[in-house]
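> My structure is stored as input-v4.cif, with mmCIF, C-alpha atoms.
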data_entry
loop_
_atom_site.label_atom_id
_atom_site.label_comp_id
_atom_site.auth_asym_id
_atom_site.auth_seq_id
_atom_site.Cartn_x
_atom_site.Cartn_y
_atom_site.Cartn_z
CA MET F 21 75.01 -72.29 -31.00
CA PRO F 22 72.88 -70.76 -33.80
CA ASP F 23 72.27 -72.60 -37.08
CA TRP F 24 74.59 -70.36 -39.07
CA GLN F 25 73.83 -71.91 -42.41
CA ASP F 26 70.11 -71.28 -41.95
CA ARG F 27 70.74 -67.74 -40.71
CA VAL F 28 72.97 -66.85 -43.66
CA ARG F 29 70.53 -68.39 -46.15
CA ARG F 30 67.69 -66.31 -44.71
CA GLU F 31 69.73 -63.10 -44.68
CA LEU F 32 70.91 -63.57 -48.27
CA ALA F 33 67.45 -64.50 -49.58
CA GLY F 34 67.18 -61.16 -51.39
CA ALA F 35 70.63 -61.30 -53.02
CA VAL F 36 70.68 -61.81 -56.79
CA LEU F 37 72.58 -65.10 -56.87
CA GLU F 38 72.06 -68.37 -58.71
CA ALA F 39 70.85 -71.28 -56.55
CA ALA F 40 74.20 -73.11 -56.61
CA GLU F 41 76.11 -69.87 -55.91
CA ARG F 42 73.80 -69.05 -53.01
CA GLU F 43 74.36 -72.47 -51.44
CA GLU F 44 78.13 -72.23 -51.79
CA VAL F 45 78.31 -68.66 -50.48
CA SER F 46 75.98 -69.50 -47.58
CA ALA F 47 78.10 -72.52 -46.62
CA GLU F 48 81.29 -70.46 -46.74
CA LEU F 49 79.94 -67.53 -44.73
CA ALA F 50 78.34 -69.91 -42.21
CA ALA F 51 81.72 -71.64 -41.75
CA HIS F 52 83.33 -68.23 -41.16
CA LEU F 53 80.74 -67.19 -38.58
CA GLU F 54 80.90 -70.55 -36.85
CA GLU F 55 84.67 -70.31 -36.58
CA ALA F 56 84.48 -66.74 -35.29
CA CYS F 57 81.93 -67.84 -32.69
CA GLN F 58 84.06 -70.82 -31.61
CA ALA F 59 87.10 -68.56 -31.19
CA LEU F 60 85.10 -66.16 -29.02
CA LEU F 61 83.74 -69.02 -26.92
CA ALA F 62 87.32 -70.20 -26.44
CA GLN F 63 88.20 -66.69 -25.20
CA GLY F 64 85.58 -67.07 -22.48
CA PHE F 65 82.59 -65.22 -23.95
CA SER F 66 79.14 -66.58 -23.25
CA GLU F 67 77.34 -68.32 -26.11
CA GLU F 68 74.97 -65.38 -26.61
CA SER F 69 77.72 -62.79 -26.51
CA ALA F 70 79.95 -64.83 -28.84
CA ALA F 71 77.12 -65.18 -31.37
CA ARG F 72 76.40 -61.44 -31.18
CA ARG F 73 80.05 -60.51 -31.66
CA ALA F 74 80.44 -62.97 -34.52
CA LEU F 75 77.40 -61.44 -36.23
CA ALA F 76 78.92 -58.00 -35.83
CA GLU F 77 81.69 -59.14 -38.21
CA VAL F 78 79.14 -59.29 -41.02
CA GLY F 79 78.65 -55.54 -41.17
CA ASP F 80 75.53 -54.93 -43.22
CA TRP F 81 73.75 -58.05 -44.51
CA HIS F 82 72.21 -56.13 -47.39
CA ALA F 83 75.61 -54.74 -48.45
CA LEU F 84 77.12 -58.19 -48.08
CA GLY F 85 74.54 -59.77 -50.42
CA ALA F 86 74.72 -56.89 -52.91
CA ASN F 87 78.55 -56.79 -52.95
CA ILE F 88 78.84 -60.54 -53.41
CA ALA F 89 76.24 -60.52 -56.20
CA ALA F 90 78.09 -57.61 -57.86
CA ALA F 91 81.43 -59.44 -57.59
CA LYS F 92 79.93 -62.59 -59.12
CA ARG F 93 78.18 -60.62 -61.87
CA GLU F 94 81.32 -58.65 -62.67
CA GLY F 95 83.16 -61.89 -63.20
CA LYS F 96 80.40 -63.23 -65.38
CA MET F 97 80.40 -60.13 -67.55
CA LYS F 98 84.14 -60.42 -68.04
CA ASP F 99 83.83 -64.13 -68.77
CA GLY F 100 80.94 -63.52 -71.18
CA TRP F 101 83.10 -61.04 -73.05
CA LYS F 102 86.06 -63.44 -73.29
CA TRP F 103 84.03 -66.60 -73.88
CA LEU F 104 81.32 -65.35 -76.20
CA VAL F 105 81.47 -61.79 -77.50
CA LEU F 106 85.11 -61.59 -78.66
CA PRO F 107 85.25 -65.09 -80.23
CA GLY F 108 81.77 -64.58 -81.71
CA LEU F 109 82.62 -61.22 -83.24
CA THR F 110 85.86 -62.63 -84.66
CA ALA F 111 83.92 -65.51 -86.24
CA THR F 112 81.43 -62.98 -87.67
CA LEU F 113 84.23 -60.87 -89.15
CA VAL F 114 85.88 -63.93 -90.69
CA ALA F 115 82.54 -65.10 -92.14
CA GLY F 116 82.04 -61.62 -93.65
CA ALA F 117 85.59 -61.54 -95.02
CA LEU F 118 85.12 -64.96 -96.62
CA GLU F 119 81.91 -63.78 -98.27
CA MET F 120 83.69 -60.75 -99.73
CA LEU F 121 86.58 -62.92 -100.87
CA PHE F 122 84.32 -65.32 -102.77
CA ARG F 123 82.49 -62.41 -104.35
CA ALA F 124 85.79 -60.90 -105.42
CA LEU F 125 86.78 -64.27 -106.88
CA GLY F 126 83.61 -64.20 -108.95
CA ALA F 127 81.61 -66.91 -107.20
CA ARG F 128 78.00 -66.64 -108.35
CA PRO F 129 75.36 -66.68 -105.64
CA LEU F 130 72.43 -69.04 -105.87
CA THR F 131 69.05 -67.28 -105.75
CA VAL F 132 66.31 -68.83 -103.66
CA TYR F 133 62.72 -67.95 -104.59
CA ALA F 134 59.53 -67.96 -102.58
CA SER F 135 56.24 -67.67 -104.47
CA GLY F 136 58.26 -66.83 -107.59
CA VAL F 137 59.98 -63.87 -105.92
CA PRO F 138 63.73 -63.93 -105.06
CA VAL F 139 64.04 -64.02 -101.28
CA PHE F 140 67.71 -64.57 -100.60
CA LEU F 141 71.03 -65.24 -102.25
CA VAL F 142 73.44 -67.85 -101.04
CA CYS F 143 76.96 -68.37 -102.29
CA LEU F 144 77.67 -72.10 -102.09
CA PRO F 145 81.49 -71.85 -101.83
CA TRP F 146 81.00 -69.37 -98.97
CA LEU F 147 78.57 -71.77 -97.27
CA ALA F 148 81.15 -74.53 -97.62
CA SER F 149 83.80 -72.29 -96.03
CA LEU F 150 81.66 -71.28 -93.03
CA PRO F 151 82.89 -74.17 -90.84
CA LEU F 152 86.22 -72.33 -90.75
CA ALA F 153 84.58 -69.30 -89.11
CA GLY F 154 82.68 -71.56 -86.69
CA ALA F 155 85.87 -73.42 -85.83
CA LEU F 156 87.68 -70.16 -85.12
CA GLY F 157 84.89 -68.95 -82.81
CA ALA F 158 84.89 -72.22 -80.86
CA TYR F 159 88.70 -72.32 -80.71
CA LEU F 160 89.05 -68.77 -79.34
CA SER F 161 86.27 -69.31 -76.82
CA GLN F 162 87.68 -72.59 -75.57
CA ARG F 163 91.19 -71.21 -75.39
CA ALA F 164 89.82 -68.46 -73.08
CA GLY F 165 88.64 -71.22 -70.73
CA ALA F 166 84.98 -71.45 -71.79
CA GLU F 167 82.83 -74.50 -71.16
CA ARG F 168 81.23 -76.48 -73.98
CA ARG F 169 77.94 -74.51 -74.10
CA TRP F 170 79.83 -71.21 -74.46
CA TRP F 171 82.11 -72.33 -77.27
CA LEU F 172 79.19 -73.89 -79.13
CA VAL F 173 77.28 -70.59 -79.02
CA SER F 174 80.45 -68.73 -80.05
CA SER F 175 80.74 -70.90 -83.15
CA VAL F 176 77.19 -70.03 -84.33
CA PHE F 177 77.41 -66.40 -83.16
CA PRO F 178 77.50 -64.97 -86.75
CA ILE F 179 73.92 -66.12 -87.43
CA LEU F 180 72.46 -64.62 -84.25
CA PRO F 181 72.01 -61.04 -85.60
CA PHE F 182 70.37 -62.41 -88.75
CA LEU F 183 68.09 -64.65 -86.73
CA ALA F 184 67.03 -61.69 -84.60
CA ALA F 185 66.50 -59.58 -87.73
CA VAL F 186 64.36 -62.24 -89.40
CA LEU F 187 62.27 -62.94 -86.33
CA LEU F 188 61.72 -59.25 -85.55
CA ALA F 189 62.17 -57.14 -88.65
CA LEU F 190 60.76 -59.40 -91.35
CA PRO F 191 57.27 -59.83 -89.87
CA VAL F 192 57.10 -56.07 -89.27
CA SER F 193 58.20 -55.19 -92.81
CA LEU F 194 55.74 -57.68 -94.27
CA LEU F 195 52.95 -56.05 -92.31
CA LEU F 196 53.96 -52.52 -93.25
CA ASP F 197 54.83 -52.97 -96.93
CA PRO F 198 51.72 -53.71 -99.03
CA HIS F 199 53.88 -54.46 -102.09
CA LEU F 200 55.60 -57.32 -100.32
CA THR F 201 52.40 -58.85 -99.00
CA ARG F 202 50.80 -58.77 -102.48
CA HIS F 203 53.55 -60.88 -103.98
CA LEU F 204 54.72 -63.04 -101.10
CA THR F 205 53.27 -65.38 -98.61
CA PRO F 206 54.74 -64.22 -95.30
CA ALA F 207 55.02 -67.78 -94.06
CA ALA F 208 57.01 -68.77 -97.15
CA VAL F 209 59.43 -65.87 -96.71
CA LEU F 210 59.91 -66.65 -93.06
CA ALA F 211 60.45 -70.34 -93.81
CA CYS F 212 63.02 -69.55 -96.53
CA ALA F 213 64.89 -67.08 -94.36
CA LEU F 214 64.95 -69.49 -91.46
CA LEU F 215 66.14 -72.26 -93.77
CA ALA F 216 69.01 -70.06 -94.95
CA ILE F 217 69.95 -69.26 -91.36
CA LEU F 218 69.67 -72.92 -90.42
CA LEU F 219 71.99 -73.91 -93.27
CA CYS F 220 74.57 -71.31 -92.23
CA GLY F 221 74.13 -72.28 -88.58
CA LEU F 222 74.73 -75.95 -89.34
CA ALA F 223 77.86 -75.13 -91.33
CA LEU F 224 79.21 -72.96 -88.50
CA LEU F 225 78.28 -75.53 -85.87
CA ALA F 226 80.01 -78.33 -87.80
CA GLY F 227 83.25 -76.35 -87.75
CA GLY F 228 82.78 -75.34 -84.11
CA LEU F 229 82.12 -78.91 -83.00
CA ALA F 230 85.12 -80.25 -84.88
CA ALA F 231 87.51 -77.62 -83.50
CA GLY F 232 86.07 -77.66 -79.97
CA THR F 233 86.12 -81.44 -79.70
CA ALA F 234 89.65 -81.67 -81.08
CA LEU F 235 90.87 -79.04 -78.62
CA SER F 236 89.11 -80.75 -75.69
CA ARG F 237 90.72 -84.08 -76.60
CA ARG F 238 94.13 -82.47 -76.92
CA SER F 239 93.91 -80.77 -73.52
CA ALA F 240 92.53 -83.99 -71.93
CA SER F 241 95.44 -86.04 -73.30
CA ARG F 242 97.92 -83.39 -72.08
CA SER F 243 96.51 -83.39 -68.56
CA MET B 11 94.83 -45.34 -36.00
CA LYS B 12 91.60 -46.09 -37.86
CA ILE B 13 91.69 -46.11 -41.64
CA GLY B 14 88.73 -44.84 -43.71
CA ALA B 15 86.47 -47.13 -45.74
CA GLY B 16 87.54 -45.84 -49.16
CA ILE B 17 91.22 -46.55 -48.57
CA LYS B 18 90.36 -49.94 -47.08
CA ARG B 19 88.52 -50.95 -50.26
CA GLY B 20 91.56 -50.10 -52.33
CA THR B 21 93.93 -51.90 -50.03
CA GLY B 22 91.73 -55.00 -49.75
CA GLU B 23 93.19 -56.67 -52.78
CA LEU B 24 96.77 -55.98 -51.71
CA ALA B 25 96.07 -57.15 -48.16
CA VAL B 26 94.47 -60.44 -49.25
CA LEU B 27 97.17 -61.26 -51.79
CA SER B 28 99.91 -60.38 -49.29
CA VAL B 29 98.63 -62.63 -46.50
CA LEU B 30 98.07 -65.48 -48.96
CA GLU B 31 101.68 -65.18 -50.05
CA THR B 32 102.64 -66.89 -46.80
CA GLY B 33 100.46 -69.92 -47.56
CA PRO B 34 96.87 -71.11 -48.09
CA LEU B 35 94.26 -69.74 -45.68
CA HIS B 36 90.48 -69.84 -45.39
CA GLY B 37 88.25 -66.77 -45.12
CA TYR B 38 88.23 -66.50 -41.33
CA GLU B 39 92.00 -66.92 -41.13
CA ILE B 40 92.52 -64.30 -43.84
CA ALA B 41 90.44 -61.78 -41.86
CA ARG B 42 92.28 -62.55 -38.62
CA ARG B 43 95.72 -62.48 -40.26
CA ILE B 44 95.07 -59.07 -41.84
CA GLU B 45 93.82 -57.73 -38.53
CA ARG B 46 96.81 -59.12 -36.64
CA ASP B 47 99.46 -58.08 -39.17
CA SER B 48 98.05 -54.55 -39.44
CA GLY B 49 98.07 -54.18 -35.68
CA GLY B 50 94.27 -53.97 -35.70
CA SER B 51 94.13 -51.00 -38.13
CA LEU B 52 92.60 -53.06 -40.91
CA ARG B 53 89.56 -55.02 -39.88
CA PHE B 54 87.54 -56.58 -42.68
CA THR B 55 83.85 -57.21 -42.29
CA LEU B 56 82.44 -60.12 -44.25
CA ALA B 57 80.77 -57.58 -46.54
CA ALA B 58 84.21 -56.31 -47.54
CA LEU B 59 86.25 -59.51 -47.44
CA TYR B 60 84.18 -62.00 -49.43
CA PRO B 61 83.45 -59.80 -52.47
CA THR B 62 87.22 -59.11 -52.63
CA LEU B 63 87.95 -62.84 -52.46
CA TYR B 64 85.41 -63.64 -55.19
CA ARG B 65 86.76 -60.89 -57.43
CA LEU B 66 90.32 -62.10 -57.01
CA GLU B 67 89.20 -65.66 -57.64
CA LYS B 68 87.41 -64.62 -60.83
CA ALA B 69 90.59 -62.85 -61.92
CA ARG B 70 92.44 -66.15 -61.23
CA SER B 71 94.75 -64.42 -58.79
CA ILE B 72 93.66 -66.81 -56.05
CA GLN B 73 92.04 -70.22 -56.10
CA GLY B 74 89.50 -71.47 -53.57
CA ASN B 75 88.93 -75.14 -52.79
CA TRP B 76 86.67 -76.82 -50.28
CA GLU B 77 88.58 -78.75 -47.64
CA THR B 78 87.43 -80.77 -44.67
CA ALA B 79 89.07 -79.71 -41.43
CA ARG B 80 89.43 -81.71 -38.24
CA GLY B 81 86.02 -82.39 -36.76
CA GLY B 82 84.51 -82.69 -40.25
CA ARG B 83 83.98 -78.94 -40.66
CA ARG B 84 84.10 -77.90 -44.32
CA ARG B 85 85.82 -74.66 -45.22
CA ARG B 86 86.94 -73.00 -48.39
CA CYS B 87 90.68 -72.59 -48.49
CA TYR B 88 92.29 -69.97 -50.72
CA ARG B 89 95.76 -70.11 -52.18
CA LEU B 90 97.73 -67.64 -54.28
CA THR B 91 98.06 -68.69 -57.92
CA PRO B 92 101.15 -67.98 -60.05
CA ALA B 93 99.08 -65.21 -61.73
CA GLY B 94 98.31 -63.73 -58.30
CA ARG B 95 101.97 -63.82 -57.32
CA LYS B 96 102.78 -61.99 -60.55
CA ARG B 97 100.08 -59.42 -59.82
CA LEU B 98 101.33 -58.77 -56.31
CA ALA B 99 104.72 -57.26 -57.25
CA PRO B 100 103.41 -54.36 -59.40
CA LEU B 101 100.59 -53.81 -56.90
CA ARG B 102 103.11 -53.35 -54.09
CA ARG B 103 105.16 -51.00 -56.25
CA GLN B 104 102.10 -48.90 -57.13
CA TRP B 105 101.02 -48.60 -53.50
CA SER B 106 104.53 -47.77 -52.42
CA GLU B 107 104.71 -45.00 -55.03
CA LEU B 108 101.31 -43.70 -53.96
CA PHE B 109 102.42 -43.49 -50.33
CA GLN B 110 105.61 -41.67 -51.32
CA VAL B 111 103.60 -39.16 -53.34
CA LEU B 112 101.15 -38.65 -50.49
CA ARG B 113 104.02 -38.16 -48.04
CA ARG B 114 105.53 -35.52 -50.32
CA LEU B 115 102.19 -33.81 -50.85
CA ALA B 116 101.25 -33.80 -47.22
CA GLY B 117 104.74 -32.94 -46.06
CA VAL B 118 104.69 -35.90 -43.74
CA SER B 119 107.91 -37.66 -42.78
CA ASP B 120 108.44 -40.88 -40.88
CA ALA B 121 108.98 -40.25 -37.20
#
Here is the file; what I need is its structure written in the form of structure tokens.

Amino acid sequence: MPDWQDRVRRELAGAVLEAAEREEVSAELAAHLEEACQALLAQGFSEESAARRALAEVGDWHALGANIAAAKREGKMKDGWKWLVLPGLTATLVAGALEMLFRALGARPLTVYASGVPVFLVCLPWLASLPLAGALGAYLSQRAGAERRWWLVSSVFPILPFLAAVLLALPVSLLLDPHLTRHLTPAAVLACALLAILLCGLALLAGGLAAGTALSRRSASRS
Amino acid sequence: MKIGAGIKRGTGELAVLSVLETGPLHGYEIARRIERDSGGSLRFTLAALYPTLYRLEKARSIQGNWETARGGRRRRCYRLTPAGRKRLAPLRRQWSELFQVLRRLAGVSDA
């Protein structure tokens, strides 16, 4: 009798699967092939013929690996949408709406300077309200069935575009704009921008952690 | 009668959900049951069956759990979830309507 597990592992070596997925899929397909082979042996086929006929049930190994990887990826994309993108975008919209609300209410933003030049404005009441947006992101993500890491990222999702912008766009604009470089130390600007993002991130994360932990406890006590 | 690959792909979901309606089965049993119940017209290769199972599992229509059979052999057993049961009824209706339309179009009647 062939070592089915080893055979399947070798045949699926090129499939784009995570290590744990590969092991699980290999074990399942090996169990299928072994059972098919046993059934054929019971029907009176020789060991060689039974193994050959069982292998014929695979079809195309390459198609098998590719189709399974596609099925797993498709699920992940759907999950990523439900667990991260939708809750994250909702949290971002709520954070933006809160900012507009505080502005409309006349809250004055605090100006932060670097090398004597204003670098960013932060509205303290808005910063204090950010945990609400983080909590909403974590709540929606967890309600969709996401694990802890997903709902934590969902809660801080609103800062991700800013972080990307600071890390990519700011260094480029500092290099290209001679006016900026004359008045500012690039390192100081970067540090200030990162500090602002860190502050917002911590506020969002605090709300996300509180909501996510409360929801986890509630579902644990229910079950 | 042999059925073409394109139609088989579309019917895969319906076939898997339908055989699981009778009770939990593992992959090999699902393949055999479909083959038997279709009189040999539908024969799933592993390349067709397992992606369908994983898609349905991701959609929470079925749930797979590892079980240890007699002789210590481990196999993954699939069962229909309440969501899968709910999905099956409209799926059957849609396929039934499609067959009726095709019959009308092709001018085919049951013998």
> Identify all residues satisfying the PyMOL selection byres ((chain B) within 7 of (chain F)) in the given file; provide them as a PDB file with C-alpha atoms, in the coordinates of the input.

ATOM      1  CA  GLY B  37      88.250 -66.770 -45.120  1.00  0.00           C
ATOM      2  CA  TYR B  38      88.230 -66.500 -41.330  1.00  0.00           C
ATOM      3  CA  THR B  55      83.850 -57.210 -42.290  1.00  0.00           C
ATOM      4  CA  LEU B  56      82.440 -60.120 -44.250  1.00  0.00           C
ATOM      5  CA  ALA B  57      80.770 -57.580 -46.540  1.00  0.00           C
ATOM      6  CA  TYR B  60      84.180 -62.000 -49.430  1.00  0.00           C
ATOM      7  CA  PRO B  61      83.450 -59.800 -52.470  1.00  0.00           C
ATOM      8  CA  TYR B  64      85.410 -63.640 -55.190  1.00  0.00           C
ATOM      9  CA  ARG B  65      86.760 -60.890 -57.430  1.00  0.00           C
ATOM     10  CA  LYS B  68      87.410 -64.620 -60.830  1.00  0.00           C
ATOM     11  CA  ARG B  85      85.820 -74.660 -45.220  1.00  0.00           C
ATOM     12  CA  ARG B  86      86.940 -73.000 -48.390  1.00  0.00           C
TER      13      ARG B  86
END
> Any idea what the distance is between atom CA of B:Leu63 and atom CA of F:Val173?
29.7 Å
> List the neighbours of F:Gly227 out to 6 Å using only C-alpha atoms; skip same-chain residues closer than 6 positions along the sequence, and give me the result as a ChimeraX atom specification.
/F:151-152,154-155
> Kindly resolve the PyMOL selection byres ((chain F and resi 118) around 10) on the present coordinates and return the residues as a list of chain:residue names.
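For this structure, the PyMOL selection byres ((chain F and resi 118) around 10) resolves to F:Thr112, F:Leu113, F:Val114, F:Ala115, F:Gly116, F:Ala117, F:Glu119, F:Met120, F:Leu121, F:Phe122, F:Arg123, F:Ala124, F:Pro145, F:Trp146, F:Leu147, F:Ser149, F:Leu150, F:Leu152, F:Ala153.
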> Save out the residues we just selected, C-alpha atoms, as an mmCIF file, in the frame of the given file.

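Now in out_21.cif:
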data_model
loop_
_atom_site.group_PDB
_atom_site.id
_atom_site.type_symbol
_atom_site.label_atom_id
_atom_site.label_comp_id
_atom_site.auth_asym_id
_atom_site.auth_seq_id
_atom_site.Cartn_x
_atom_site.Cartn_y
_atom_site.Cartn_z
ATOM 1 C CA THR F 112 81.430 -62.980 -87.670
ATOM 2 C CA LEU F 113 84.230 -60.870 -89.150
ATOM 3 C CA VAL F 114 85.880 -63.930 -90.690
ATOM 4 C CA ALA F 115 82.540 -65.100 -92.140
ATOM 5 C CA GLY F 116 82.040 -61.620 -93.650
ATOM 6 C CA ALA F 117 85.590 -61.540 -95.020
ATOM 7 C CA GLU F 119 81.910 -63.780 -98.270
ATOM 8 C CA MET F 120 83.690 -60.750 -99.730
ATOM 9 C CA LEU F 121 86.580 -62.920 -100.870
ATOM 10 C CA PHE F 122 84.320 -65.320 -102.770
ATOM 11 C CA ARG F 123 82.490 -62.410 -104.350
ATOM 12 C CA ALA F 124 85.790 -60.900 -105.420
ATOM 13 C CA PRO F 145 81.490 -71.850 -101.830
ATOM 14 C CA TRP F 146 81.000 -69.370 -98.970
ATOM 15 C CA LEU F 147 78.570 -71.770 -97.270
ATOM 16 C CA SER F 149 83.800 -72.290 -96.030
ATOM 17 C CA LEU F 150 81.660 -71.280 -93.030
ATOM 18 C CA LEU F 152 86.220 -72.330 -90.750
ATOM 19 C CA ALA F 153 84.580 -69.300 -89.110
#
> Taking the file as shown, find all residues satisfying the PyMOL selection byres ((chain F and resi 232) around 9) and write them as a count of residues only.
18
> To one decimal in Å, tell me the separation between atom CA of B:Arg89 and atom CA of B:Leu66.
10.8 Å
> With all atoms listed in the file as the atoms that count, which of F:Met21, F:Leu160, F:Ala111, F:Leu32 lies nearest to F:Arg72?
F:Met21
